[in-house]
Each structure stands twice: as structure tokens, then as C-alpha cells.
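Student: Please find model-v3.csv (CSV, C-alpha atoms) on the next line:
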```csv
chain,number,residue,atom,x,y,z
A,15,MET,CA,-34.2,-21.3,3.9
A,16,VAL,CA,-33.7,-21.1,0.2
A,17,SER,CA,-30.6,-19.2,-0.9
A,18,PRO,CA,-31.3,-16.2,-3.0
A,19,ALA,CA,-30.9,-16.6,-6.7
A,20,PRO,CA,-27.7,-15.1,-8.2
A,21,PRO,CA,-28.2,-11.9,-10.2
A,22,ARG,CA,-28.2,-12.2,-14.0
A,23,VAL,CA,-26.0,-9.2,-14.8
A,24,ARG,CA,-22.3,-9.4,-14.0
A,25,PRO,CA,-19.8,-6.5,-13.9
A,26,ALA,CA,-17.9,-6.5,-17.2
A,27,ARG,CA,-14.7,-5.8,-15.2
A,28,PRO,CA,-14.7,-7.2,-11.7
A,29,PHE,CA,-11.7,-5.1,-10.6
A,30,PHE,CA,-12.5,-3.1,-7.5
A,31,SER,CA,-9.1,-3.3,-5.7
A,32,SER,CA,-7.9,-0.1,-4.0
A,33,GLY,CA,-4.4,-0.6,-5.2
A,34,PRO,CA,-3.2,-1.6,-7.7
A,35,CYS,CA,-6.5,-0.3,-9.2
A,36,ALA,CA,-8.5,-1.1,-12.3
A,37,LYS,CA,-7.0,-0.4,-15.7
A,38,ARG,CA,-8.7,2.2,-17.9
A,39,PRO,CA,-11.7,1.0,-19.8
A,40,GLY,CA,-10.8,-0.9,-23.0
A,41,TRP,CA,-7.2,-1.7,-21.8
A,42,SER,CA,-5.5,-4.8,-23.1
A,43,PRO,CA,-1.8,-5.9,-23.3
A,44,ASP,CA,-1.8,-4.4,-26.8
A,45,ALA,CA,-1.5,-1.0,-25.2
A,46,LEU,CA,2.1,-1.9,-24.2
A,47,ALA,CA,3.2,-2.9,-27.7
A,48,GLY,CA,5.3,0.2,-28.1
A,49,ALA,CA,7.2,-0.1,-24.8
A,50,LEU,CA,11.0,0.5,-25.1
A,51,LEU,CA,12.0,-2.9,-23.8
A,52,GLY,CA,15.6,-3.7,-23.9
A,53,ARG,CA,16.5,0.0,-24.1
A,54,SER,CA,18.2,2.2,-21.6
A,55,HIS,CA,16.0,4.7,-19.8
A,56,ARG,CA,19.0,7.0,-20.1
A,57,ALA,CA,18.9,6.9,-23.9
A,58,PRO,CA,17.2,9.8,-25.6
A,59,ALA,CA,14.1,7.8,-26.5
A,60,GLY,CA,13.8,6.5,-22.9
A,61,LYS,CA,14.2,9.9,-21.4
A,62,ALA,CA,11.7,11.3,-23.8
A,63,ARG,CA,9.1,8.8,-22.6
A,64,LEU,CA,9.8,9.6,-19.0
A,65,ALA,CA,9.6,13.3,-19.7
A,66,GLU,CA,6.2,12.7,-21.4
A,67,VAL,CA,4.8,11.1,-18.3
A,68,ILE,CA,5.9,14.2,-16.3
A,69,GLU,CA,4.5,16.7,-18.8
A,70,ARG,CA,1.2,14.9,-19.4
A,71,SER,CA,0.7,14.5,-15.6
A,72,ARG,CA,1.6,18.2,-15.1
A,73,ARG,CA,-0.9,19.4,-17.7
A,74,ILE,CA,-3.8,17.1,-16.7
A,75,LEU,CA,-3.4,18.0,-13.0
A,76,GLY,CA,-3.0,21.7,-13.7
A,77,LEU,CA,0.2,22.1,-11.8
A,78,PRO,CA,1.0,25.8,-11.4
A,79,GLU,CA,4.0,27.5,-13.0
A,80,GLY,CA,7.0,27.1,-10.9
A,81,TRP,CA,6.2,23.7,-9.6
A,82,ARG,CA,8.5,20.8,-10.3
A,83,LEU,CA,7.4,17.2,-10.9
A,84,GLY,CA,9.6,14.1,-10.9
A,85,ILE,CA,9.4,10.3,-11.1
A,86,VAL,CA,10.8,8.6,-8.0
A,87,PRO,CA,11.4,5.0,-6.8
A,88,ALA,CA,9.1,2.9,-4.6
A,89,SER,CA,5.7,4.1,-5.5
A,90,ASP,CA,3.9,6.7,-3.3
A,91,THR,CA,5.6,5.3,-0.2
A,92,GLY,CA,9.0,6.2,-1.7
A,93,ALA,CA,7.8,9.7,-2.7
A,94,VAL,CA,6.4,10.4,0.8
A,95,GLU,CA,9.5,9.2,2.5
A,96,MET,CA,11.7,11.3,0.2
A,97,ALA,CA,9.8,14.4,1.3
A,98,LEU,CA,9.9,13.5,5.0
A,99,TRP,CA,13.6,12.7,5.0
A,100,SER,CA,14.6,15.6,2.8
A,101,LEU,CA,12.4,18.5,4.1
A,102,LEU,CA,11.6,18.0,7.8
A,103,GLY,CA,13.7,19.2,10.7
A,104,PRO,CA,14.0,23.0,10.8
A,105,ARG,CA,10.5,23.4,12.3
A,106,GLY,CA,8.1,21.5,14.5
A,107,VAL,CA,5.8,19.1,12.7
A,108,ASP,CA,2.0,18.5,12.9
A,109,LEU,CA,1.2,15.0,11.7
A,110,LEU,CA,-2.4,14.1,10.9
A,111,ALA,CA,-3.3,10.4,11.2
A,112,TRP,CA,-6.8,8.9,10.9
A,113,GLU,CA,-5.9,5.6,9.2
A,114,ASN,CA,-3.1,3.2,8.5
A,115,PHE,CA,-0.9,5.3,6.2
A,116,GLY,CA,-1.1,8.6,8.1
A,117,ALA,CA,-0.2,6.7,11.3
A,118,GLY,CA,2.8,5.2,9.4
A,119,TRP,CA,4.1,8.6,8.4
A,120,ALA,CA,3.7,9.8,11.9
A,121,SER,CA,5.7,6.8,13.2
A,122,ASP,CA,8.4,7.4,10.7
A,123,VAL,CA,8.8,11.0,11.7
A,124,VAL,CA,8.6,10.4,15.5
A,125,ASP,CA,10.3,7.0,15.8
A,126,HIS,CA,12.8,6.9,13.0
A,127,LEU,CA,13.7,10.5,12.1
A,128,GLY,CA,13.5,11.3,15.8
A,129,ILE,CA,12.0,14.8,15.5
A,130,GLY,CA,11.2,15.7,19.0
A,131,ASP,CA,8.9,18.7,18.3
A,132,ALA,CA,6.2,16.6,16.6
A,133,ARG,CA,2.5,16.6,17.4
A,134,VAL,CA,0.3,13.7,16.2
A,135,LEU,CA,-3.3,14.8,15.6
A,136,SER,CA,-5.2,11.5,15.4
A,137,ALA,CA,-8.7,10.2,14.9
A,138,ALA,CA,-10.4,6.8,14.8
A,139,TYR,CA,-11.3,5.1,11.5
A,140,GLY,CA,-14.3,6.9,10.0
A,141,GLU,CA,-13.4,10.2,11.5
A,142,LEU,CA,-11.0,13.2,10.9
A,143,PRO,CA,-8.8,14.9,13.4
A,144,ASP,CA,-9.7,18.5,14.4
A,145,LEU,CA,-8.4,20.4,11.4
A,146,ALA,CA,-8.8,23.7,13.3
A,147,ALA,CA,-6.1,22.5,15.7
A,148,VAL,CA,-3.4,22.4,13.0
A,149,ASP,CA,-0.7,25.0,13.5
A,150,PHE,CA,0.6,26.3,10.2
A,151,SER,CA,3.6,27.9,11.7
A,152,ARG,CA,4.9,24.3,11.7
A,153,ASP,CA,5.3,21.9,8.9
A,154,VAL,CA,2.2,19.8,8.3
A,155,VAL,CA,2.0,16.2,6.9
A,156,PHE,CA,-1.3,14.6,6.0
A,157,ALA,CA,-2.9,12.3,3.5
A,158,TRP,CA,-5.6,14.0,1.4
A,159,ASN,CA,-7.6,10.8,1.2
A,160,GLY,CA,-7.3,8.0,3.8
A,161,THR,CA,-7.3,5.0,1.5
A,162,THR,CA,-7.8,2.4,4.3
A,163,SER,CA,-10.6,4.4,6.1
A,164,GLY,CA,-12.5,6.0,3.2
A,165,VAL,CA,-12.2,9.4,4.9
A,166,ARG,CA,-10.8,12.4,3.1
A,167,VAL,CA,-10.4,16.1,4.0
A,168,PRO,CA,-13.4,17.9,2.7
A,169,ASP,CA,-11.4,20.6,0.8
A,170,GLY,CA,-8.4,22.8,1.3
A,171,ALA,CA,-10.1,25.7,3.1
A,172,TRP,CA,-8.6,24.6,6.4
A,173,ILE,CA,-5.1,25.1,5.1
A,174,ASP,CA,-3.7,28.6,5.9
A,175,PRO,CA,-2.7,30.3,2.6
A,176,ASP,CA,-0.2,32.4,4.6
A,177,ARG,CA,1.4,29.4,6.3
A,178,GLU,CA,5.0,29.6,7.6
A,179,GLY,CA,5.7,25.9,7.4
A,180,LEU,CA,5.4,23.5,4.5
A,181,VAL,CA,2.3,21.4,3.8
A,182,ILE,CA,3.3,17.9,2.6
A,183,CYS,CA,0.4,16.0,1.2
A,184,ASP,CA,0.2,12.3,0.4
A,185,ALA,CA,-2.3,12.5,-2.5
A,186,THR,CA,-2.0,9.0,-3.9
A,187,SER,CA,-5.7,8.1,-4.0
A,188,ALA,CA,-6.8,11.7,-4.6
A,189,ALA,CA,-4.6,12.9,-7.6
A,190,PHE,CA,-6.5,12.5,-10.9
A,191,ALA,CA,-9.8,11.9,-9.0
A,192,MET,CA,-10.2,14.9,-6.6
A,193,ASP,CA,-9.7,18.6,-7.1
A,194,LEU,CA,-6.4,19.5,-5.3
A,195,PRO,CA,-5.8,23.2,-4.3
A,196,TRP,CA,-2.2,23.6,-5.4
A,197,ASP,CA,-2.0,27.0,-3.8
A,198,ARG,CA,-2.5,25.4,-0.4
A,199,LEU,CA,0.1,22.7,-0.8
A,200,ASP,CA,3.9,22.7,-1.0
A,201,VAL,CA,4.5,19.0,-1.7
A,202,ALA,CA,2.2,16.4,-3.2
A,203,THR,CA,2.9,12.7,-3.9
A,204,TRP,CA,1.1,9.9,-5.7
A,205,SER,CA,1.8,6.6,-7.5
A,206,TRP,CA,0.9,5.3,-11.0
A,207,GLN,CA,-1.0,2.4,-9.5
A,208,LYS,CA,-3.8,4.4,-8.0
A,209,ALA,CA,-6.3,6.6,-9.8
A,210,MET,CA,-4.9,6.0,-13.2
A,211,GLY,CA,-4.5,2.2,-12.8
A,212,GLY,CA,-0.9,2.1,-13.8
A,213,GLU,CA,1.5,-0.7,-12.9
A,214,ALA,CA,3.1,-0.6,-9.5
A,215,GLY,CA,6.6,0.5,-8.3
A,216,HIS,CA,6.8,4.1,-9.4
A,217,GLY,CA,5.9,7.3,-7.5
A,218,MET,CA,5.7,10.9,-8.4
A,219,ILE,CA,6.6,14.0,-6.3
A,220,ALA,CA,5.5,17.5,-7.0
A,221,LEU,CA,7.4,20.3,-5.3
A,222,GLY,CA,6.1,23.9,-5.0
A,223,PRO,CA,8.5,26.8,-4.9
A,224,ARG,CA,8.6,27.0,-1.1
A,225,ALA,CA,9.6,23.3,-0.9
A,226,ALA,CA,12.3,23.9,-3.5
A,227,ASP,CA,13.6,26.8,-1.4
A,228,ARG,CA,13.7,24.6,1.7
A,229,LEU,CA,15.7,21.9,-0.1
A,230,GLU,CA,18.3,24.4,-1.2
A,231,SER,CA,18.6,26.2,2.1
A,232,TYR,CA,18.4,23.3,4.6
A,233,ALA,CA,20.6,20.2,5.1
A,234,PRO,CA,19.0,17.5,7.3
A,235,PRO,CA,21.2,16.3,10.2
A,236,TRP,CA,20.7,12.7,9.2
A,237,PRO,CA,22.3,10.9,6.2
A,238,ILE,CA,20.0,10.8,3.1
A,239,PRO,CA,19.8,7.5,1.3
A,240,LYS,CA,20.7,7.7,-2.4
A,241,ILE,CA,17.2,7.0,-3.6
A,242,PHE,CA,15.9,10.0,-1.5
A,243,ARG,CA,18.4,12.6,-2.7
A,244,LEU,CA,16.9,15.6,-4.4
A,245,THR,CA,19.9,17.8,-4.1
A,246,SER,CA,23.6,17.7,-4.8
A,247,GLY,CA,26.0,20.3,-3.3
A,248,GLY,CA,23.1,22.3,-2.0
A,249,ALA,CA,21.3,22.6,-5.3
A,250,LEU,CA,18.3,20.8,-6.7
A,251,ILE,CA,19.1,17.9,-9.0
A,252,GLU,CA,17.0,19.3,-11.9
A,253,GLY,CA,17.4,16.3,-14.1
A,254,ILE,CA,14.9,14.4,-11.8
A,255,PHE,CA,12.2,16.8,-13.1
A,256,ARG,CA,13.2,16.2,-16.7
A,257,GLY,CA,12.9,12.4,-16.6
A,258,GLU,CA,16.4,11.5,-15.4
A,259,THR,CA,15.3,9.0,-12.7
A,260,ILE,CA,17.3,8.2,-9.6
A,261,ASN,CA,17.0,4.4,-10.2
A,262,THR,CA,16.2,2.2,-13.2
A,263,PRO,CA,12.5,2.4,-14.0
A,264,SER,CA,10.5,-0.3,-15.8
A,265,MET,CA,9.9,0.9,-19.4
A,266,LEU,CA,7.0,-1.4,-19.5
A,267,CYS,CA,5.4,0.4,-16.6
A,268,VAL,CA,6.3,3.7,-18.2
A,269,GLU,CA,4.4,2.7,-21.3
A,270,ASP,CA,1.4,1.7,-19.2
A,271,ALA,CA,1.4,5.0,-17.3
A,272,LEU,CA,1.5,6.8,-20.7
A,273,ASP,CA,-1.4,4.8,-21.9
A,274,GLY,CA,-3.5,5.9,-19.0
A,275,LEU,CA,-2.5,9.5,-19.3
A,276,ARG,CA,-3.3,9.5,-23.1
A,277,TRP,CA,-6.7,8.0,-22.3
A,278,ALA,CA,-7.3,10.8,-19.8
A,279,ASP,CA,-6.5,13.4,-22.4
A,280,GLU,CA,-8.8,11.6,-25.0
A,281,ILE,CA,-11.8,11.7,-22.7
A,282,GLY,CA,-11.4,15.3,-21.6
A,283,GLY,CA,-8.6,15.6,-19.0
A,284,LEU,CA,-9.1,16.3,-15.3
A,285,ASP,CA,-12.7,17.5,-15.7
A,286,ALA,CA,-13.7,14.1,-17.2
A,287,LEU,CA,-11.8,12.1,-14.6
A,288,LEU,CA,-13.5,14.0,-11.8
A,289,ALA,CA,-16.9,13.6,-13.4
A,290,ARG,CA,-16.4,9.8,-13.8
A,291,THR,CA,-15.4,9.6,-10.1
A,292,SER,CA,-18.4,11.7,-9.0
A,293,ALA,CA,-20.8,9.6,-11.0
A,294,ASN,CA,-19.4,6.4,-9.4
A,295,MET,CA,-19.8,7.9,-5.9
A,296,ALA,CA,-23.3,9.1,-6.7
A,297,ALA,CA,-24.2,5.5,-7.7
A,298,ILE,CA,-22.8,4.1,-4.4
A,299,GLU,CA,-24.6,6.7,-2.4
A,300,ARG,CA,-27.9,5.8,-4.0
A,301,TRP,CA,-27.3,2.1,-3.3
A,302,VAL,CA,-26.4,2.8,0.4
A,303,ARG,CA,-29.5,4.9,0.9
A,304,ALA,CA,-31.7,2.1,-0.4
A,305,THR,CA,-29.8,-0.7,1.4
A,306,PRO,CA,-30.5,-1.1,5.2
A,307,TRP,CA,-27.7,-3.5,6.0
A,308,ILE,CA,-24.8,-1.3,4.7
A,309,ASP,CA,-23.5,2.2,5.5
A,310,PHE,CA,-20.4,4.3,5.0
A,311,LEU,CA,-17.6,4.0,7.5
A,312,ALA,CA,-17.3,7.8,7.4
A,313,ALA,CA,-20.4,9.3,9.1
A,314,VAL,CA,-19.9,12.9,7.7
A,315,PRO,CA,-20.8,13.0,4.0
A,316,ALA,CA,-18.3,15.8,3.2
A,317,THR,CA,-15.5,13.6,4.4
A,318,ARG,CA,-16.4,10.4,2.5
A,319,SER,CA,-13.8,9.3,-0.1
A,320,PRO,CA,-15.2,8.9,-3.6
A,321,THR,CA,-12.3,6.7,-4.6
A,322,SER,CA,-11.5,4.2,-1.8
A,323,VAL,CA,-15.1,3.8,-0.6
A,324,CYS,CA,-15.1,2.0,2.8
A,325,LEU,CA,-18.4,0.5,4.0
A,326,GLY,CA,-19.5,-1.1,7.2
A,327,PHE,CA,-22.4,-3.4,8.1
A,328,ALA,CA,-25.4,-1.8,9.7
A,329,ASP,CA,-27.5,-4.9,10.5
A,330,PRO,CA,-28.0,-5.6,14.2
A,331,TRP,CA,-27.2,-9.2,13.5
A,332,PHE,CA,-23.7,-8.2,12.5
A,333,ALA,CA,-23.3,-6.0,15.6
A,334,ALA,CA,-24.1,-9.0,17.8
A,335,LEU,CA,-21.3,-11.2,16.4
A,336,ASP,CA,-18.0,-11.6,18.3
A,337,ASP,CA,-14.8,-10.1,16.8
A,338,SER,CA,-13.9,-13.3,14.9
A,339,GLY,CA,-17.4,-13.5,13.4
A,340,LYS,CA,-17.3,-9.9,12.3
A,341,ALA,CA,-14.0,-10.3,10.6
A,342,ALA,CA,-15.3,-13.4,8.8
A,343,VAL,CA,-18.3,-11.7,7.2
A,344,PRO,CA,-16.4,-9.5,4.7
A,345,LYS,CA,-13.9,-12.3,4.0
A,346,ARG,CA,-16.8,-14.7,3.1
A,347,ILE,CA,-18.5,-12.1,0.9
A,348,GLU,CA,-15.2,-11.4,-0.9
A,349,SER,CA,-14.4,-15.1,-1.5
A,350,MET,CA,-18.0,-15.8,-2.8
A,351,LEU,CA,-17.9,-12.9,-5.2
A,352,GLU,CA,-14.4,-13.7,-6.4
A,353,ALA,CA,-15.4,-17.3,-7.0
A,354,GLU,CA,-18.3,-16.0,-9.1
A,355,GLY,CA,-15.9,-13.8,-11.1
A,356,VAL,CA,-17.8,-10.6,-10.2
A,357,ALA,CA,-15.6,-8.8,-7.7
A,358,CYS,CA,-12.0,-9.1,-6.7
A,359,ASP,CA,-10.2,-7.6,-3.6
A,360,ILE,CA,-13.2,-5.9,-1.9
A,361,ASN,CA,-12.4,-6.8,1.7
A,362,GLY,CA,-11.6,-3.9,3.9
A,363,TYR,CA,-8.0,-3.1,4.9
A,364,ARG,CA,-6.6,-5.5,7.6
A,365,SER,CA,-6.3,-2.8,10.3
A,366,ALA,CA,-9.7,-1.2,9.6
A,367,PRO,CA,-13.0,-2.1,11.2
A,368,PRO,CA,-14.5,-5.2,9.4
A,369,GLY,CA,-16.2,-4.1,6.2
A,370,LEU,CA,-15.9,-3.7,2.5
A,371,ARG,CA,-13.7,-1.4,0.4
A,372,ILE,CA,-14.6,-0.6,-3.2
A,373,TRP,CA,-12.4,1.4,-5.5
A,374,ALA,CA,-14.6,3.8,-7.5
A,375,GLY,CA,-12.0,6.1,-9.1
A,376,PRO,CA,-12.1,7.3,-12.7
A,377,THR,CA,-11.0,4.0,-14.4
A,378,VAL,CA,-14.1,2.2,-13.0
A,379,GLU,CA,-17.3,2.1,-15.0
A,380,THR,CA,-20.6,3.1,-13.2
A,381,ASP,CA,-22.4,0.2,-14.9
A,382,ASP,CA,-20.0,-2.2,-13.3
A,383,LEU,CA,-20.6,-0.8,-9.9
A,384,GLU,CA,-24.4,-1.0,-10.4
A,385,ALA,CA,-24.0,-4.6,-11.4
A,386,LEU,CA,-21.9,-5.3,-8.3
A,387,PHE,CA,-24.5,-3.9,-5.9
A,388,ALA,CA,-26.9,-6.7,-6.8
A,389,TRP,CA,-24.2,-9.3,-6.2
A,390,LEU,CA,-23.3,-7.8,-2.9
A,391,GLY,CA,-27.0,-8.2,-1.9
A,392,TRP,CA,-26.9,-11.8,-3.0
A,393,ALA,CA,-23.7,-12.5,-1.0
A,394,TRP,CA,-25.0,-10.7,2.1
A,395,GLY,CA,-28.2,-12.7,1.9
A,396,ARG,CA,-26.3,-16.0,1.8
A,397,VAL,CA,-24.0,-15.0,4.7
A,398,ARG,CA,-27.0,-13.7,6.7
A,399,GLN,CA,-28.7,-17.0,6.4
A,400,GLY,CA,-25.7,-18.9,7.6
A,401,GLU,CA,-25.7,-17.4,11.2
A,402,PRO,CA,-23.7,-17.7,13.4
A,403,VAL,CA,-20.7,-16.7,11.3
A,404,ALA,CA,-17.4,-18.4,12.3
A,405,ALA,CA,-13.9,-17.4,11.3
```
Just dump the structure as C-alpha cells.
Tutor:
Amino acid sequence: MVSPAPPRVRPARPFFSSGPCAKRPGWSPDALAGALLGRSHRAPAGKARLAEVIERSRRILGLPEGWRLGIVPASDTGAVEMALWSLLGPRGVDLLAWENFGAGWASDVVDHLGIGDARVLSAAYGELPDLAAVDFSRDVVFAWNGTTSGVRVPDGAWIDPDREGLVICDATSAAFAMDLPWDRLDVATWSWQKAMGGEAGHGMIALGPRAADRLESYAPPWPIPKIFRLTSGGALIEGIFRGETINTPSMLCVEDALDGLRWADEIGGLDALLARTSANMAAIERWVRATPWIDFLAAVPATRSPTSVCLGFADPWFAALDDSGKAAVPKRIESMLEAEGVACDINGYRSAPPGLRIWAGPTVETDDLEALFAWLGWAWGRVRQGEPVAA
């Protein structure tokens, strides 16, 4: 058989990783020229930059009056752990897990914090747990978007507006790309490296009034590590929400985060970010409908993530492969396309079913995705001709 000819058009930016994600269009290192390198983040100028990240993020996301927003260590992971360690304990907890990160939060609560009254509502990759089974008299922990499964909650209608417990939401691949119902959440976390393409290592935590009340009225029975402490003497450390970070942030990363937020303001704020994400998802949906060998991992359209898009192989040839052969297919496609300089980091997550994962958030251009589709077809054709596939 003759191998298919490679496509003529290449993505201008081959960056489709689901974290760290693509920089904003037009980004270059020149965007960092004004970074306060060699300066203390505690100096007035440093604190002003950190406060600008907070205020721009607050305004773009439309955080309600009374919500606090702070910069915290260790990316979204640190922000989620901060919420779990600081807030959980006085009530039972419902933990939703349908992919790797949700399962990790459940393990932390059950195995490490040792909360006995914890229910784990789980589902396989590609599915959601039964949202109607969630008990909102308890605290609830979930990821809005399952980055490693491509499955998200469809909306916030399932969350009780008159809940008694707190709702703690890992929103890291949803913030700035999906419309979050702040009135149904009490805590939300994200990182700079996801939807806005910032450099890694920094997280953000948004606290609603009910979460703030819990922090000031409840002391957990376990010691709180210094980098997780949001209170001192029973009162909130308000400086965290004014740019006084718990640890030393990279001012280079701060400048990069500001660059992305300024770009978001320039193109029209949250509405423009959501529109870009929707246009990207629409392009992927058109391609999947027209391509018989590929399909979404999430069977239900309303639960398909428009940012971390996870795809599986629908060809009977693939289904007939053994496990090692199935695992080898996306690895070979990824390596071929990376060698051609047209797509980087598109293999699915290591614990997910074998497939592809394509970041399609607001910093990705639709034209680049459409160019990628032809290259995916080319790579699939080459792999398909080389049967059987061996690891």
C-alpha cells in the first residue's frame, strides 16, 4: 500500500497540550519584557502586579460582590488541597469522581484526611456519576470539567441553591472557558496554566461568603501546613486576597499571567473567551461527525468538554487489537505528528482509555484545529496500514 500524502497546510501553532496549555495568539517572549525580575514580590510594585492579576481575573470572570480571590502556591492542586484541608470536617462529604483528578481528591479526603462520613460517587471514563444522588446537606467536592476524561457537568442546575453544605469546585480547565454559576458554588479553584495559557506553578482560590464564614467559625482537627493556611487566630488572612502571597511567586510568571488577562480584556472579556472556545468545539464536532474512525469519549453531547476534548477510536480494527496494541496507536500518532511539527502532546492521559486529547480552549485558533484534522487523518491512515500495531 502507498502511504497517504501529507497535508499541505500545517497548524501555525502546534500546541494542543491540556496543561500547560497554548499561549495566547501572538505571544512572544517580548510580552515578558516588563517583568519585575530581581524585585521583591512584597515591594509595592510587586504587590501591585499581584493585585492586578486578582482584580483582572475577578472582573473577567464576573465574581460576585462579597467573593474573595487569592493567589496560592502549587497550581490548582495546591488550591484544591487548601480548600479540602481548611474547610472539610464539620459535615459529611460527597465526592464526585469520574476521572483521575476527581479520584485523587476523593482519595485525599478518605485516605489522608480520614473523614469517615465520606461518600464517593464515581463513574467510568466517559460518563458522569448520578448527579441527582448528591446530598447537599453535606459538603460536595467535584471537578467542573474532567480534564483527563473530556467529561464535564452540563450546567449548575443540579446544584441545590438552598444547600446546607459547601460546594467546592475544581474549575481549572473550565474557568475562562465555560460559564460558571457563581451562585451555586462556594469555592472555585484554577491555575494560570490552563485556559489562559500562563506559566505553571501558581493557583487561584475564590471563596464565597459561606466558605469564608466556615473558615472563621471552624478549626480543623488536623494541623494545617503553612502553605494552606487561610486564617490566623480564627480570622481570615485578608492580605492573601490583596496580593500578599503565602510563598514567593515568580514575577516572570506573574507578568505572563497579566499578559493573558490583558489579551482577554482586549478581545472582549469572558464573552469573547467563551465564543472562541465554542467555535473550536463546533469545529471538532463537525470533524468527528464526518470521520468514521474517531468519536468522543463522552457519549452524551451535553457532558462533552469543549476544552480538554478526549477522543477514542471507533474503527473495528482498533477494537480488535490487544491492550498493548491499543495503547500503541495514540502514541504512534502523537510521535508522527510531533516529528512533523504539527501537533504536540495529544496522547490521552495515561490512566484514561487509549485515545487522543486535544486542548481547544480560548487561546487555540480554530484554523489551527482545522489544519490538525487533516494531519490526524494522515497519521491514522499510516497507522492503519501498519497492522498489527505493536507496543
Student: For the atom pair CA of Ala157 (chain A) and CA of Leu386 (chain A), what is the interatomic distance in Å to one decimal place?
Tutor: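 So the answer is 28.5 Å.
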Student: For CA of Val181 (chain A) and CA of Gly140 (chain A), quote the distance in Å rounded to one decimal.
Tutor: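 We find that CA of Val181 (chain A) and CA of Gly140 (chain A) lie 22.9 Å from each other.
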Student: Pull the neighbourhood of (11.6, 11.9, 14.6) for me: all residues within 12 Å in file coordinates, counting all atoms listed in the file, as a PyMOL selection string.
Tutor: chain A and resi 98-99+102-109+119-134+234-236
Student: Grab the CA of Ile85 (chain A) to CA of Ile251 (chain A) distance for me, in Å with one decimal place.
Tutor: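 For CA of Ile85 (chain A) relative to CA of Ile251 (chain A), the distance reads 12.5 Å.
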Student: Per residue of region 184-247 of chain A within 12 Å of region 115-118 of chain A, note the shortest atom pair and the distance in Å to one decimal, counting all atoms listed in the file, and order the rows by chain and increasing residue number, as CSV.
Tutor:
```
residue,atom,partner,partner_atom,distance
A:Asp184,CA,A:Gly116,CA,8.6
A:Ala185,CA,A:Gly116,CA,11.4
A:Thr186,CA,A:Phe115,CA,10.8
A:Ser187,CA,A:Phe115,CA,11.6
```
Student: Can you list, as a list in words, every protein, DNA or RNA residue that comes within 10 Å of Asp169 (chain A) when you count only C-alpha atoms, leaving out same-chain residues fewer than 3 positions away?
Tutor: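 That gives Trp158, Arg166, Trp172, Ile173, Met192, Asp193, Leu194, Pro195, Ala316 and Thr317 of chain A.
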Student: Need to verify the contact set: Ile219 (chain A), 6 Å, all atoms listed in the file, exclusion of same-chain residues closer than 4 positions in sequence. Can you return it as a PyMOL selection string?
Tutor: chain A and resi 83-84+93+202-203
Student: At a cut-off of 9 Å, using all atoms listed in the file, what residues contact Glu66 (chain A)? Leave out same-chain residues fewer than 5 positions from it and give the result as a PyMOL selection string.
Tutor: chain A and resi 61+71+257+272
Student: With all atoms listed in the file counted and 12 Å as the cut-off, give the residues of region 255-318 of chain A in contact with region 72-79 of chain A, each with its shortest interatomic distance in Å and the pair that gives it, as a tab-separated table.
Tutor:
```
residue	atom	partner	partner_atom	distance
A:Phe255	CA	A:Arg72	CA	10.9
A:Arg256	CA	A:Arg72	CA	11.9
A:Gly274	CA	A:Ile74	CA	11.4
A:Leu275	CA	A:Ile74	CA	8.1
A:Arg276	CA	A:Ile74	CA	9.9
A:Trp277	CA	A:Ile74	CA	11.1
A:Ala278	CA	A:Ile74	CA	7.8
A:Asp279	CA	A:Ile74	CA	7.3
A:Glu280	CA	A:Ile74	CA	11.1
A:Ile281	CA	A:Ile74	CA	11.4
A:Gly282	CA	A:Ile74	CA	9.2
A:Gly283	CA	A:Ile74	CA	5.5
A:Leu284	CA	A:Ile74	CA	5.5
A:Asp285	CA	A:Ile74	CA	9.0
A:Ala286	CA	A:Ile74	CA	10.4
A:Leu287	CA	A:Ile74	CA	9.7
A:Leu288	CA	A:Leu75	CA	10.9
```
Student: When you count all atoms listed in the file, which of these residues is closest to Leu110 (chain A): A:Cys183, A:Leu50, A:Cys358, A:Val67?
Tutor: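 Under the stated criterion, the closest residue is A:Cys183.
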